[in-house]
$ cat start_23.txt   # compact mmCIF, C-alpha atoms
# COMPACT_ATOMS: atom_id res chain seq x y z
CA MET A 157 0.00 0.00 0.00
CA THR A 158 1.41 3.37 -0.97
CA ALA A 159 1.64 6.28 1.42
CA SER A 160 -1.01 8.17 -0.54
CA THR A 161 -3.68 5.49 -0.15
CA PRO A 162 -4.73 6.40 3.42
CA ARG A 163 -5.08 10.03 2.40
CA ASN A 164 -7.25 9.03 -0.56
CA ASP A 165 -9.34 6.82 1.69
CA ASN A 166 -9.74 9.68 4.16
CA ALA A 167 -10.72 12.06 1.37
CA THR A 168 -13.30 9.60 0.05
CA GLY A 169 -14.67 9.07 3.54
CA ASP A 170 -14.84 12.81 4.19
CA ILE A 171 -16.80 13.41 1.00
CA ALA A 172 -19.25 10.68 2.01
CA LYS A 173 -19.70 12.35 5.39
CA LEU A 174 -20.62 15.69 3.82
CA GLU A 175 -24.03 14.61 2.56
CA GLN A 176 -24.67 12.75 5.80
CA LEU A 177 -23.81 15.88 7.78
CA ARG A 178 -26.14 18.05 5.68
CA ILE A 179 -29.00 15.59 6.21
CA SER A 180 -28.23 15.39 9.94
CA ARG A 181 -28.30 19.19 10.18
CA ASP A 182 -31.82 19.18 8.72
CA ARG A 183 -32.88 16.45 11.15
CA ILE A 184 -31.52 18.45 14.10
CA ARG A 185 -33.52 21.46 12.92
CA THR A 186 -36.62 19.26 12.80
CA GLU A 187 -36.10 17.85 16.29
CA ILE A 188 -35.42 21.24 17.86
CA GLY A 189 -38.39 22.63 15.91
CA LYS A 190 -40.65 20.34 17.94
CA VAL A 191 -39.94 22.60 20.93
CA ILE A 192 -38.50 25.88 19.57
CA ILE A 193 -40.47 27.91 17.04
CA GLY A 194 -38.33 29.76 14.49
CA GLN A 195 -34.74 30.75 15.35
CA GLU A 196 -33.35 28.65 12.46
CA GLU A 197 -30.39 30.98 11.92
CA LEU A 198 -29.59 30.95 15.64
CA ILE A 199 -29.68 27.14 15.71
CA ASP A 200 -27.35 26.98 12.70
CA GLN A 201 -24.91 29.38 14.38
CA MET A 202 -24.88 27.32 17.56
CA LEU A 203 -24.19 24.17 15.54
CA ILE A 204 -21.35 25.95 13.75
CA ALA A 205 -19.80 26.94 17.08
CA ILE A 206 -20.13 23.43 18.55
CA LEU A 207 -18.57 21.70 15.53
CA SER A 208 -15.81 24.36 15.54
CA GLN A 209 -15.06 23.64 19.23
CA GLY A 210 -16.20 27.12 20.17
CA HIS A 211 -18.27 28.59 22.99
CA CYS A 212 -21.32 30.85 22.58
CA LEU A 213 -22.65 33.88 24.44
CA LEU A 214 -26.39 34.36 23.84
CA VAL A 215 -27.74 37.83 24.54
CA GLY A 216 -31.47 38.48 24.73
CA VAL A 217 -34.25 39.77 26.91
CA PRO A 218 -36.00 37.37 29.30
CA GLY A 219 -38.67 35.04 27.98
CA LEU A 220 -37.14 34.25 24.58
CA ALA A 221 -36.50 30.57 25.45
CA LYS A 222 -32.71 30.82 25.48
CA THR A 223 -32.39 28.21 28.23
CA LEU A 224 -34.95 25.93 26.59
CA LEU A 225 -33.15 26.20 23.25
CA ILE A 226 -29.83 25.14 24.79
CA SER A 227 -31.29 22.21 26.72
CA THR A 228 -33.17 21.04 23.62
CA LEU A 229 -30.00 21.25 21.53
CA ALA A 230 -28.18 19.16 24.15
CA ALA A 231 -30.94 16.52 23.93
CA ALA A 232 -30.76 16.45 20.11
CA LEU A 233 -27.00 15.94 20.32
CA ASP A 234 -27.32 13.35 23.13
CA LEU A 235 -24.81 15.20 25.33
CA LYS A 236 -24.55 15.52 29.10
CA PHE A 237 -26.07 18.84 30.12
CA ASN A 238 -25.74 20.94 33.27
CA ARG A 239 -27.25 24.33 34.02
CA ILE A 240 -25.57 26.78 36.40
CA GLN A 241 -27.64 29.72 37.58
CA PHE A 242 -25.15 32.53 38.10
CA THR A 243 -25.95 34.66 41.16
CA PRO A 244 -23.97 37.26 43.17
CA ASP A 245 -23.19 34.72 45.92
CA LEU A 246 -21.99 31.95 43.58
CA MET A 247 -18.46 30.77 44.46
CA PRO A 248 -15.83 29.37 42.06
CA SER A 249 -15.99 25.99 43.81
CA ASP A 250 -19.73 25.88 43.08
CA ILE A 251 -18.72 25.63 39.41
CA THR A 252 -15.53 23.58 39.41
CA GLY A 253 -16.09 21.35 42.44
CA THR A 254 -14.71 21.09 45.94
CA GLU A 255 -12.55 18.86 48.13
CA VAL A 256 -14.16 17.34 51.19
CA ILE A 257 -12.44 15.60 54.12
CA GLU A 258 -13.79 12.08 54.53
CA ASP A 259 -13.17 9.34 57.08
CA ASP A 260 -11.86 6.01 55.79
CA ILE A 261 -13.76 3.48 57.92
CA SER A 262 -11.34 0.65 57.16
CA THR A 263 -8.19 2.55 58.23
CA GLY A 264 -9.60 5.24 60.49
CA ARG A 265 -7.69 7.87 58.54
CA LYS A 266 -9.00 11.04 57.01
CA SER A 267 -8.50 11.83 53.33
CA PHE A 268 -9.57 14.41 50.80
CA HIS A 269 -12.07 13.53 48.11
CA PHE A 270 -12.79 15.81 45.15
CA TYR A 271 -16.45 16.16 44.22
CA LYS A 272 -16.80 17.37 40.67
CA GLY A 273 -18.87 20.48 40.03
CA PRO A 274 -21.41 21.05 37.25
CA VAL A 275 -18.66 22.17 34.85
CA PHE A 276 -17.91 18.47 34.36
CA SER A 277 -20.41 18.02 31.58
CA ASN A 278 -20.50 18.19 27.77
CA ILE A 279 -22.69 21.28 27.54
CA VAL A 280 -22.66 23.78 30.39
CA LEU A 281 -25.33 26.46 30.42
CA ALA A 282 -24.00 29.49 32.31
CA ASP A 283 -27.34 31.20 32.86
CA GLU A 284 -27.12 35.00 33.31
CA ILE A 285 -23.34 34.83 33.51
CA ASN A 286 -23.03 38.57 34.17
CA ARG A 287 -24.86 38.27 37.52
CA THR A 288 -21.83 36.86 39.34
CA PRO A 289 -18.57 38.67 40.29
CA PRO A 290 -15.48 38.43 38.02
CA LYS A 291 -13.74 36.04 40.45
CA THR A 292 -16.44 33.44 39.87
CA GLN A 293 -16.75 34.24 36.16
CA SER A 294 -13.04 33.51 35.80
CA ALA A 295 -13.57 30.00 37.16
CA LEU A 296 -14.76 29.14 33.67
CA LEU A 297 -11.67 30.56 31.94
CA GLN A 298 -9.40 27.53 32.36
CA ALA A 299 -12.22 25.16 31.47
CA MET A 300 -13.11 27.10 28.31
CA GLN A 301 -9.54 27.44 27.08
CA GLU A 302 -7.66 24.42 28.44
CA TYR A 303 -10.52 21.94 28.86
CA GLU A 304 -9.41 21.10 32.37
CA VAL A 305 -9.97 22.16 35.98
CA THR A 306 -7.32 22.55 38.69
CA ALA A 307 -8.30 22.12 42.35
CA ALA A 308 -5.88 21.91 45.29
CA GLY A 309 -2.94 21.43 42.94
CA THR A 310 -4.53 18.57 41.00
CA THR A 311 -5.65 18.95 37.40
CA TYR A 312 -8.77 17.13 36.22
CA PRO A 313 -9.46 16.86 32.48
CA LEU A 314 -12.96 17.60 31.25
CA GLU A 315 -14.90 15.06 29.25
CA MET A 316 -14.92 15.90 25.56
CA PRO A 317 -16.68 17.41 23.74
CA PHE A 318 -17.07 20.42 26.02
CA PHE A 319 -18.95 23.65 25.37
CA VAL A 320 -19.99 26.64 27.42
CA LEU A 321 -23.20 28.29 26.27
CA ALA A 322 -23.77 31.40 28.36
CA THR A 323 -26.78 33.72 28.46
CA GLN A 324 -26.87 37.40 29.29
CA ASN A 325 -29.72 39.86 29.84
CA PRO A 326 -28.95 43.13 27.97
CA ILE A 327 -31.50 45.39 29.65
CA GLU A 328 -31.36 44.78 33.40
CA GLN A 329 -27.95 46.07 34.45
CA GLU A 330 -28.42 46.64 38.19
CA GLY A 331 -26.44 44.11 40.21
CA THR A 332 -24.53 42.83 37.19
CA TYR A 333 -20.81 42.55 36.48
CA PRO A 334 -19.62 43.12 32.89
CA LEU A 335 -17.64 40.19 31.54
CA PRO A 336 -13.87 40.81 31.45
CA GLU A 337 -12.51 41.27 27.94
CA ALA A 338 -10.28 38.20 28.39
CA GLN A 339 -13.33 36.04 29.00
CA LEU A 340 -15.40 37.65 26.25
CA ASP A 341 -12.63 36.83 23.78
CA ARG A 342 -12.94 33.14 24.63
CA PHE A 343 -16.46 33.03 23.24
CA MET A 344 -16.35 32.18 19.56
CA PHE A 345 -19.79 33.68 18.86
CA ASN A 346 -21.83 36.45 20.42
CA LEU A 347 -25.39 35.66 19.32
CA TRP A 348 -28.33 38.03 19.60
CA VAL A 349 -31.65 36.31 20.38
CA ASP A 350 -34.41 38.43 18.84
CA TYR A 351 -38.17 38.53 19.33
CA PRO A 352 -40.25 36.04 17.32
CA SER A 353 -42.41 37.20 14.47
CA LEU A 354 -46.16 37.59 15.03
CA ALA A 355 -46.93 34.28 13.30
CA GLU A 356 -44.21 32.50 15.28
CA GLU A 357 -45.51 33.89 18.56
CA VAL A 358 -49.03 32.68 17.74
CA ASP A 359 -47.57 29.20 17.13
CA ILE A 360 -45.58 29.40 20.39
CA VAL A 361 -48.72 30.18 22.40
CA LYS A 362 -50.65 27.34 20.73
CA ARG A 363 -47.94 24.78 21.47
CA THR A 364 -47.05 25.81 25.00
CA THR A 365 -50.53 26.12 26.49
CA THR A 366 -51.57 22.48 26.06
CA LEU A 367 -50.71 19.19 27.79
CA ALA A 368 -48.80 17.85 24.77
CA GLN A 369 -45.48 16.16 25.56
CA VAL A 370 -42.57 16.30 23.12
CA ASN A 371 -39.83 13.70 22.81
CA ILE A 372 -36.52 14.71 21.22
CA GLU A 373 -34.79 12.05 19.17
CA PRO A 374 -30.98 12.20 19.47
CA ILE A 375 -29.30 12.74 16.10
CA PHE A 376 -25.61 12.76 17.14
CA ASN A 377 -23.68 11.56 20.15
CA ALA A 378 -20.40 12.65 21.75
CA ALA A 379 -18.27 10.40 19.51
CA ASP A 380 -20.01 11.70 16.37
CA ILE A 381 -19.34 15.31 17.36
CA ILE A 382 -15.65 14.68 18.07
CA GLU A 383 -15.34 13.01 14.66
CA LEU A 384 -17.05 15.96 12.96
CA GLN A 385 -14.80 18.42 14.79
CA GLN A 386 -11.82 16.58 13.30
CA LEU A 387 -13.47 16.72 9.87
CA VAL A 388 -13.75 20.51 10.21
CA ARG A 389 -10.03 20.78 11.00
CA ARG A 390 -9.17 18.58 7.99
CA SER A 391 -11.22 20.52 5.46
CA PRO A 392 -9.09 22.59 3.06
CA VAL A 393 -9.24 26.39 2.86
CA ALA A 394 -7.94 28.44 -0.06
CA ASP A 395 -5.24 31.01 0.70
CA ASN A 396 -7.35 33.87 -0.62
CA VAL A 397 -10.11 33.02 1.90
CA ILE A 398 -7.63 33.07 4.78
CA GLN A 399 -6.14 36.33 3.52
CA TYR A 400 -9.63 37.86 3.33
CA ALA A 401 -10.40 36.86 6.94
CA VAL A 402 -7.11 38.23 8.27
CA ALA A 403 -7.51 41.47 6.30
CA LEU A 404 -11.07 41.91 7.58
CA VAL A 405 -9.89 41.59 11.20
CA ALA A 406 -7.00 43.98 10.54
CA ARG A 407 -9.51 46.60 9.34
CA THR A 408 -11.03 46.66 12.85
CA ARG A 409 -7.80 47.86 14.49
CA PRO A 410 -7.71 51.67 14.75
CA GLY A 411 -3.92 51.82 15.05
CA GLY A 412 -3.31 50.01 11.76
CA ASP A 413 -3.15 51.17 8.17
CA GLN A 414 -6.01 48.93 7.03
CA VAL A 415 -8.86 50.60 8.91
CA PRO A 416 -10.90 53.17 6.95
CA VAL A 417 -9.87 56.71 7.90
CA ASP A 418 -13.33 57.80 9.06
CA LEU A 419 -13.60 54.78 11.38
CA LYS A 420 -10.32 55.38 13.21
CA ASN A 421 -11.94 57.65 15.78
CA ARG A 422 -15.01 55.42 16.07
CA ILE A 423 -13.16 52.28 17.22
CA SER A 424 -11.32 52.19 20.53
CA TRP A 425 -10.08 48.61 20.26
CA GLY A 426 -10.23 46.08 17.44
CA ALA A 427 -10.20 42.30 17.25
CA GLY A 428 -7.16 40.10 17.89
CA PRO A 429 -5.81 37.03 16.05
CA ARG A 430 -8.32 34.73 17.73
CA ALA A 431 -11.00 36.45 15.63
CA SER A 432 -9.20 35.45 12.42
CA GLN A 433 -8.99 31.86 13.64
CA TYR A 434 -12.69 31.75 14.48
CA LEU A 435 -13.66 33.33 11.15
CA ILE A 436 -11.93 30.49 9.29
CA LEU A 437 -13.23 27.76 11.61
CA GLY A 438 -16.75 29.15 11.34
CA ALA A 439 -16.49 29.40 7.55
CA ARG A 440 -15.21 25.83 7.32
CA THR A 441 -18.06 24.48 9.44
CA ARG A 442 -20.72 26.49 7.62
CA ALA A 443 -19.55 25.12 4.29
CA LEU A 444 -19.55 21.52 5.57
CA LEU A 445 -23.05 21.88 7.02
CA ASP A 446 -24.18 23.00 3.54
CA GLY A 447 -22.53 19.94 1.98
CA ARG A 448 -19.61 21.86 0.47
CA PRO A 449 -16.05 20.55 1.05
CA THR A 450 -14.33 23.93 1.25
CA PRO A 451 -15.46 27.43 2.29
CA ASP A 452 -15.44 30.61 0.23
CA ILE A 453 -15.34 34.29 1.14
CA ASP A 454 -19.13 34.42 1.50
CA ASP A 455 -18.84 31.92 4.37
CA VAL A 456 -16.42 34.25 6.15
CA ARG A 457 -18.81 37.17 5.62
CA ALA A 458 -21.70 35.09 7.02
CA VAL A 459 -19.97 34.52 10.38
CA ALA A 460 -18.34 37.96 10.64
CA VAL A 461 -20.99 39.56 12.86
CA PRO A 462 -21.18 36.88 15.59
CA VAL A 463 -17.38 36.52 15.64
CA LEU A 464 -16.54 40.24 15.73
CA ARG A 465 -19.52 41.78 17.57
CA HIS A 466 -17.97 41.41 21.04
CA ARG A 467 -14.38 41.99 19.93
CA ILE A 468 -14.81 45.56 18.67
CA ILE A 469 -15.05 48.28 21.31
CA THR A 470 -16.60 51.43 19.94
CA SER A 471 -15.43 54.89 20.98
CA PHE A 472 -17.43 57.73 22.51
CA ASN A 473 -17.74 59.28 19.05
CA ALA A 474 -19.44 56.16 17.71
CA GLU A 475 -21.75 55.93 20.71
CA ALA A 476 -22.71 59.60 20.33
CA GLU A 477 -23.65 58.91 16.71
CA GLY A 478 -25.58 55.78 17.60
CA MET A 479 -23.11 53.57 15.73
CA SER A 480 -22.74 50.05 17.14
CA SER A 481 -20.06 47.43 16.58
CA VAL A 482 -22.50 45.59 14.29
CA ASP A 483 -22.86 48.71 12.12
CA ILE A 484 -19.07 48.88 11.81
CA ILE A 485 -18.79 45.18 10.93
CA LYS A 486 -21.48 45.38 8.26
CA ARG A 487 -19.77 48.34 6.69
CA LEU A 488 -16.35 46.66 6.68
CA VAL A 489 -17.83 43.53 5.13
CA ALA A 490 -19.69 45.52 2.48
CA GLU A 491 -16.56 47.45 1.50
CA ALA A 492 -14.11 44.54 1.58
$ encode --input "start_23.txt" --output "structure tokens"
Amino acid sequence: MTASTPRNDNATGDIAKLEQLRISRDRIRTEIGKVIIGQEELIDQMLIAILSQGHCLLVGVPGLAKTLLISTLAAALDLKFNRIQFTPDLMPSDITGTEVIEDDISTGRKSFHFYKGPVFSNIVLADEINRTPPKTQSALLQAMQEYEVTAAGTTYPLEMPFFVLATQNPIEQEGTYPLPEAQLDRFMFNLWVDYPSLAEEVDIVKRTTTLAQVNIEPIFNAADIIELQQLVRRSPVADNVIQYAVALVARTRPGGDQVPVDLKNRISWGAGPRASQYLILGARTRALLDGRPTPDIDDVRAVAVPVLRHRIITSFNAEAEGMSSVDIIKRLVAEA
């Protein structure tokens, strides 16, 4: 067998998986649609983040079924799911776990035993993450970046796959703690959960005010998702697509030569290299979910807003003019 044969076999297998992945994406939409009305684009973006090994921050007013959407997605993917309600008195050990002194009946000696916290799951819902102080928020940092937890000098690996899906209320700011920029940057996507349309809300009321029970059929499992994550990393990307993504991120940095002159005083801080990485990973995954083996520039444009929204800090001038980071991103994409 020549050295090229395994690569050809892998390529053939990857192509076969593309159609299966596209069909599975449609089935996941159907299963989630049994519970969640509308929000198809939001569901697609969450799937993109999960298959890209990224975390999501969902921002929306109360009552838009953010928590229900995440728990339903976990059921459709057949993943272990834990919900953490973030409150001002939540401690880091409430997330990661704690060591407890126990008596060994057989020896009469005392020993420490580590009880794992709710972060030891496949999908962790950090509900209203901005309601807890930065010290507790940072307890998620190591888990989100390193996929492990350290307690009392011992490191415990997390079970893969692992995702943090956090929610945030944008209107009630009393008693909240803004997320540190370092933690914000660890979220691949910042997703805005909008109000349903009138027709969708009518359907929501009809479905949720009866005794009907809904069963979600699992479409993937943990092993499937890990395999698909590897498929995303193997998919080829043309150099011009990578160059476009990097150039787009460079245009958000006010100190560089790439940013449009009239935007220099409207951006305080731009996006870092992690944004370029997530643009390419998101573009790769979007293309695969559509059944295409390689992404194009349009795929990068499609994920630009959720990747860059929380990585661009607007200046006072922009705020005075009512210009948001999304306005800046849309303009940069349109002009690129």
$ closest_residue --input "start_23.txt" --among "A:Ile240, A:Ala439, A:Cys212, A:Ile484" --to "Ile468 of chain A" --atoms "only C-alpha atoms"
A:Ile484
$ closest_residue --input "start_23.txt" --among "A:Leu367, A:Leu488, A:Met344, A:Ala322" --to "Asp418 of chain A" --atoms "all atoms listed in the file"
A:Leu488
$ atom_distance --input "start_23.txt" --atom1 "atom CA of Leu354 of chain A" --atom2 "atom CA of Gly219 of chain A"
15.2 Å
$ residues_around --input "start_23.txt" --residues "Asn377 of chain A" --least-positions-apart "3" --cutoff "9 Å" --atoms "only C-alpha atoms" --output "list in words"
Ala232, Leu233, Asp234, Leu235, Pro374, Asp380, Ile381 and Ile382 of chain A
$ residues_near_point --input "start_23.txt" --point "(-27.1, 32.3, 37.7)" --cutoff "6 Å" --atoms "only C-alpha atoms" --output "PyMOL selection string"
chain A and resi 240-243+283-284
$ closest_residue --input "start_23.txt" --among "A:Arg442, A:Arg457, A:Lys190, A:His211" --to "Leu296 of chain A" --atoms "only C-alpha atoms"
A:His211
$ closest_residue --input "start_23.txt" --among "A:Leu321, A:Ala379, A:Leu246, A:Leu419" --to "Ala205 of chain A" --atoms "only C-alpha atoms"
A:Leu321
$ atom_distance --input "start_23.txt" --atom1 "atom CA of Val320 of chain A" --atom2 "atom CA of Glu373 of chain A"
22.4 Å
$ closest_atom_pairs --input "start_23.txt" --of "segment 315-429 of chain A" --to "segment 166-186 of chain A" --cutoff "12 Å" --atoms "all atoms listed in the file" --output "JSON lines"
{"residue": "A:Asn371", "atom": "CA", "partner": "A:Thr186", "partner_atom": "CA", "distance": 11.9}
{"residue": "A:Ile372", "atom": "CA", "partner": "A:Ile184", "partner_atom": "CA", "distance": 9.5}
{"residue": "A:Glu373", "atom": "CA", "partner": "A:Ile184", "partner_atom": "CA", "distance": 8.8}
{"residue": "A:Pro374", "atom": "CA", "partner": "A:Ile184", "partner_atom": "CA", "distance": 8.3}
{"residue": "A:Ile375", "atom": "CA", "partner": "A:Ile184", "partner_atom": "CA", "distance": 6.4}
{"residue": "A:Phe376", "atom": "CA", "partner": "A:Ser180", "partner_atom": "CA", "distance": 8.1}
{"residue": "A:Asn377", "atom": "CA", "partner": "A:Ser180", "partner_atom": "CA", "distance": 11.8}
{"residue": "A:Asp380", "atom": "CA", "partner": "A:Leu177", "partner_atom": "CA", "distance": 10.3}
{"residue": "A:Ile381", "atom": "CA", "partner": "A:Leu177", "partner_atom": "CA", "distance": 10.6}
{"residue": "A:Glu383", "atom": "CA", "partner": "A:Lys173", "partner_atom": "CA", "distance": 10.3}
{"residue": "A:Leu384", "atom": "CA", "partner": "A:Leu177", "partner_atom": "CA", "distance": 8.5}
{"residue": "A:Gln385", "atom": "CA", "partner": "A:Leu177", "partner_atom": "CA", "distance": 11.7}
{"residue": "A:Gln386", "atom": "CA", "partner": "A:Asp170", "partner_atom": "CA", "distance": 10.3}
{"residue": "A:Leu387", "atom": "CA", "partner": "A:Asp170", "partner_atom": "CA", "distance": 7.0}
{"residue": "A:Val388", "atom": "CA", "partner": "A:Asp170", "partner_atom": "CA", "distance": 9.8}
{"residue": "A:Arg389", "atom": "CA", "partner": "A:Asp170", "partner_atom": "CA", "distance": 11.5}
{"residue": "A:Arg390", "atom": "CA", "partner": "A:Asp170", "partner_atom": "CA", "distance": 8.9}
{"residue": "A:Ser391", "atom": "CA", "partner": "A:Asp170", "partner_atom": "CA", "distance": 8.6}
{"residue": "A:Pro392", "atom": "CA", "partner": "A:Ala167", "partner_atom": "CA", "distance": 10.8}
$ residues_around --input "start_23.txt" --residues "Asn346 of chain A" --least-positions-apart "3" --cutoff "10 Å" --atoms "all atoms listed in the file" --output "ChimeraX atom specification"
/A:201,211-215,322-323,340-341,343,349,461-467
$ closest_residue --input "start_23.txt" --among "A:Tyr434, A:Tyr400, A:Gly412, A:Arg487" --to "Asp454 of chain A" --atoms "all atoms listed in the file"
A:Tyr400
$ closest_residue --input "start_23.txt" --among "A:Arg342, A:Lys291, A:Arg440, A:Lys420" --to "Ala474 of chain A" --atoms "all atoms listed in the file"
A:Lys420
$ axis_aligned_box --input "start_23.txt" --around "segment 467-482 of chain A" --padding-each-side "8 Å" --output "JSON"
{"center_x": -20.0, "center_y": 50.8, "center_z": 18.4, "size_x": 27.2, "size_y": 33.6, "size_z": 24.2}
$ atom_distance --input "start_23.txt" --atom1 "atom CA of Glu255 of chain A" --atom2 "atom CA of Lys272 of chain A"
8.7 Å
$ residues_around --input "start_23.txt" --residues "Ile192 of chain A" --least-positions-apart "3" --cutoff "8 Å" --atoms "all atoms listed in the file" --output "PyMOL selection string"
chain A and resi 188-189+195+221+224-225+360
$ residues_near_point --input "start_23.txt" --point "(-21.3, 41.5, 37.1)" --cutoff "12 Å" --atoms "only C-alpha atoms" --output "ChimeraX atom specification"
/A:242-246,284-294,324-325,328-336
